[in-house]
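Notes for the one structure printed next.
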Amino acid sequence: MPARDVLAVVAGNGLEFYDFIAYAFFALQISRTFFPARTPGTSLLMSLATFGAGFLMRPLGAAVLGRLADRVGRRPAMLVSFGLMGLGMVGLALTPSYRSIGVAAPLLVIAWRLLQGFSVGGEVGPSLAYLVEAAPPGRRGLYASLQPMTADAAAFCSALVGVALSSVLTPGQLDEFGWRVAFLLGAAIVPVGLTLRRALPETLADPEPSSEAAADYRRVALLGFAMLASGTVIGYVMDYLTTYAADTLGMSARLAFIATLVSASSMMCCDPLGGWLSDRLGRRPVMILSTALLAACTWPAFLAIVRFHSPAALYGACVLLGVLTGLNQGPVVAALAESLPRRVRAGTLSLVYALAIAVFGGSTQFVLKWLLELSGNALAPGWYMLAAALLGLLAMCLLRESAPVRLTRTPGAVRAEPCS
């Protein structure tokens with residue numbers, strides 16, 4: 001698989017997630033721009049609810065673009081999803097404030113979020129299917145891990161932009177135009193991504209083996225839903241640390257952005273390591289061990305954050321949880337992609353991921369804020385993340401091994417067949 005093709009897939013995936021995650025990072029600024037409210041906390045809740053509205057369109061995008069990828073090809077679906085995301089990025093960045101156009105402003109923001117949700121819903125399945133199908137059999141875990149790695153890299157870039165903007169702009173300037181700069185920076189890369197993706201060779205081959213068409217993949221889809229729901233909650237709890245540090249812990253915007261910068265960089269570095277290890281040891285051992293350790297460390301990490309109430313405690317917890325999260329993401333997506341038949345791979349991956357993230361990811365940040373307001377307990381995000389980790393651990397234990405290194409062995413060598 002040429003480096004240019006790898007770059008085309010993973011860069012597009014990263015840019016898709018850059019915009020979607022940037023909204024979560026700038027939720028406070030967006031809430032003041034489009035959702036003014038007299039009651040403290042209400043404005044942020046409305047902004048987070050709009051963030052969740054984008055997830056409602058993900059299943060539709062998954063169904064439409066995932067089916068396109070399985071019927072026509074992976075490349076056309078990835079081109080459509082990327083183009084729509086670029087349109088949504090520009091639209092959101094250029095929408096006038098509530099003070100300028102009144103109620104039309106939040107309505108336009110919701111519309112752009114729905115378009116972006118449709119786009120991201122149709123991106124994950126085709127791009128992951130492409131990576132697994134184009135990868136050498138003994139490196140599917142490594143190649144598949146590039147997808148979560150670029151999503152984490154997008155979070156890292158979003159946080160880096162947030163740190164830079166919050167360092168050079170005043171809070172008023174950040175509210176007025178700083179957050180818009182972050183979205184326009186992402187939109188500037190869209191033409192490059194479209195050019196790279198147009199040159200991709202297609203991996204959807206015919207004819208389809210009859211045994212593959214008859215495969216029963218419902219069990220894999222169900223377990224995949226649980227695993228992706230778990231990963232979604234964990235990921236968005238980690239993303240929420242920016243808002244959590246500023247809104248709950250009372251830290252400055254700059255310190256809050258650094259928290260997500262630290263966690264995102266930790267996950268980004270460990271994603272390929274987890275994929276590489278799963279190519280040599282198997283998917284199940286790597287993802288089960290890392291998730292079990294994550295579950296064991298979640299509550300102590302949040303307890304340290306709340307008790308010491310310092311940047312050092314916050315950043316240390318971010319590193320620990322980020323490393324363990326990164327190690328399991330590559331094996332999870334590789335195992336799901338390998339376990340699904342080719343002719344339904346992109347559509348099923350898209351739909352399962354979209355449903356999991358629509359139900360859990362779209363509500364996570366809203367639920368976290370609601371739990372914090374309801375209980376008054378700053379540890380609430382930790383308990384929610386722990387429950388998600390235990391759910392994912394159960395599903396991982398029930399999923400069959402799919403790594404070629406564990407399935408086909410000969411004396412002194414490993415045999416792996418192409419991913420049909």
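Chains: A, B, ... in order of the structure tokens. Residues: from 1 per chain. Ligands: from 1, in order shown.
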
Would you list, as a VMD selection string, the residues of stretch 188-310 of chain A that end up in alpha helix (DSSP H) under DSSP run on this structure's backbone? chain A and resid 190 to 198 210 to 213 218 to 247 253 to 281 283 to 308

Using only C-alpha atoms, determine which residues lie at most 6 Å from stretch 67-77 of chain A, disregarding the query and same-chain residues fewer than 6 positions distant; provide the list as a ChimeraX atom specification. /A:126,204,343,347

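With only C-alpha atoms as the basis for measurement, A:Met46 is the residue among A:Leu165, A:Ala129, A:Met46, A:Leu399 that approaches A:Trp370 most closely.
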
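With only C-alpha atoms as the atoms that count, the minimum distance from A:Ala388 to the choices A:Gly122, A:Val220, A:Gly330, A:Thr291 is reached by A:Thr291.
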
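Restricting the calculation to only C-alpha atoms, the smallest distance between A:Val344 and any of A:Pro136, A:Pro171, A:Gly66, A:Pro148 is found for A:Gly66.
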
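Considering only C-alpha atoms, the residue among A:Ala49, A:Gly235, A:Ser263, A:Leu255 positioned nearest to A:Phe366 is A:Ala49.
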
Got a sec: who's within 8 Å of A:Leu200, counting only C-alpha atoms, leaving out chain neighbours fewer than 2 positions off, as an MDAnalysis selection string? chainID A and resid 5 8 75 196:198 202

Please save C-alpha atoms of the selected residues as a compact mmCIF listing (two decimals), in the first residue's frame.
```txt
# COMPACT_ATOMS: atom_id res chain seq x y z
CA ASP A 5 -2.72 6.09 -0.44
CA ALA A 8 -5.13 9.98 1.59
CA ARG A 75 -13.42 5.69 -2.83
CA LEU A 196 -5.47 12.82 -2.58
CA ARG A 197 -8.63 10.73 -2.33
CA ARG A 198 -9.46 11.05 -6.02
CA GLU A 202 -10.50 0.88 -5.45
```

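Nearest to A:Gly12 of all the residues A:Ala93, A:Val161, A:Leu194, A:Leu28 is A:Leu194, counting only C-alpha atoms.
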
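Residue nearest A:Leu327, chosen from A:Gly117, A:Gly83, A:Pro201, A:Gly141 and counting only C-alpha atoms: A:Gly141.
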
Using only C-alpha atoms, which protein or nucleic acid residues come within 7 Å of stretch 111-116 of chain A? Drop anything in the same chain fewer than 6 positions from it, and give the result as a PyMOL selection string. chain A and resi 51+53-54+57+85+88+91-92

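Put simply, atom CA of A:Cys157 is 26.2 Å away from atom CA of A:Cys297.
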
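Relative to atom CA of A:Trp383, atom CA of A:Leu314 is found at 16.4 Å.
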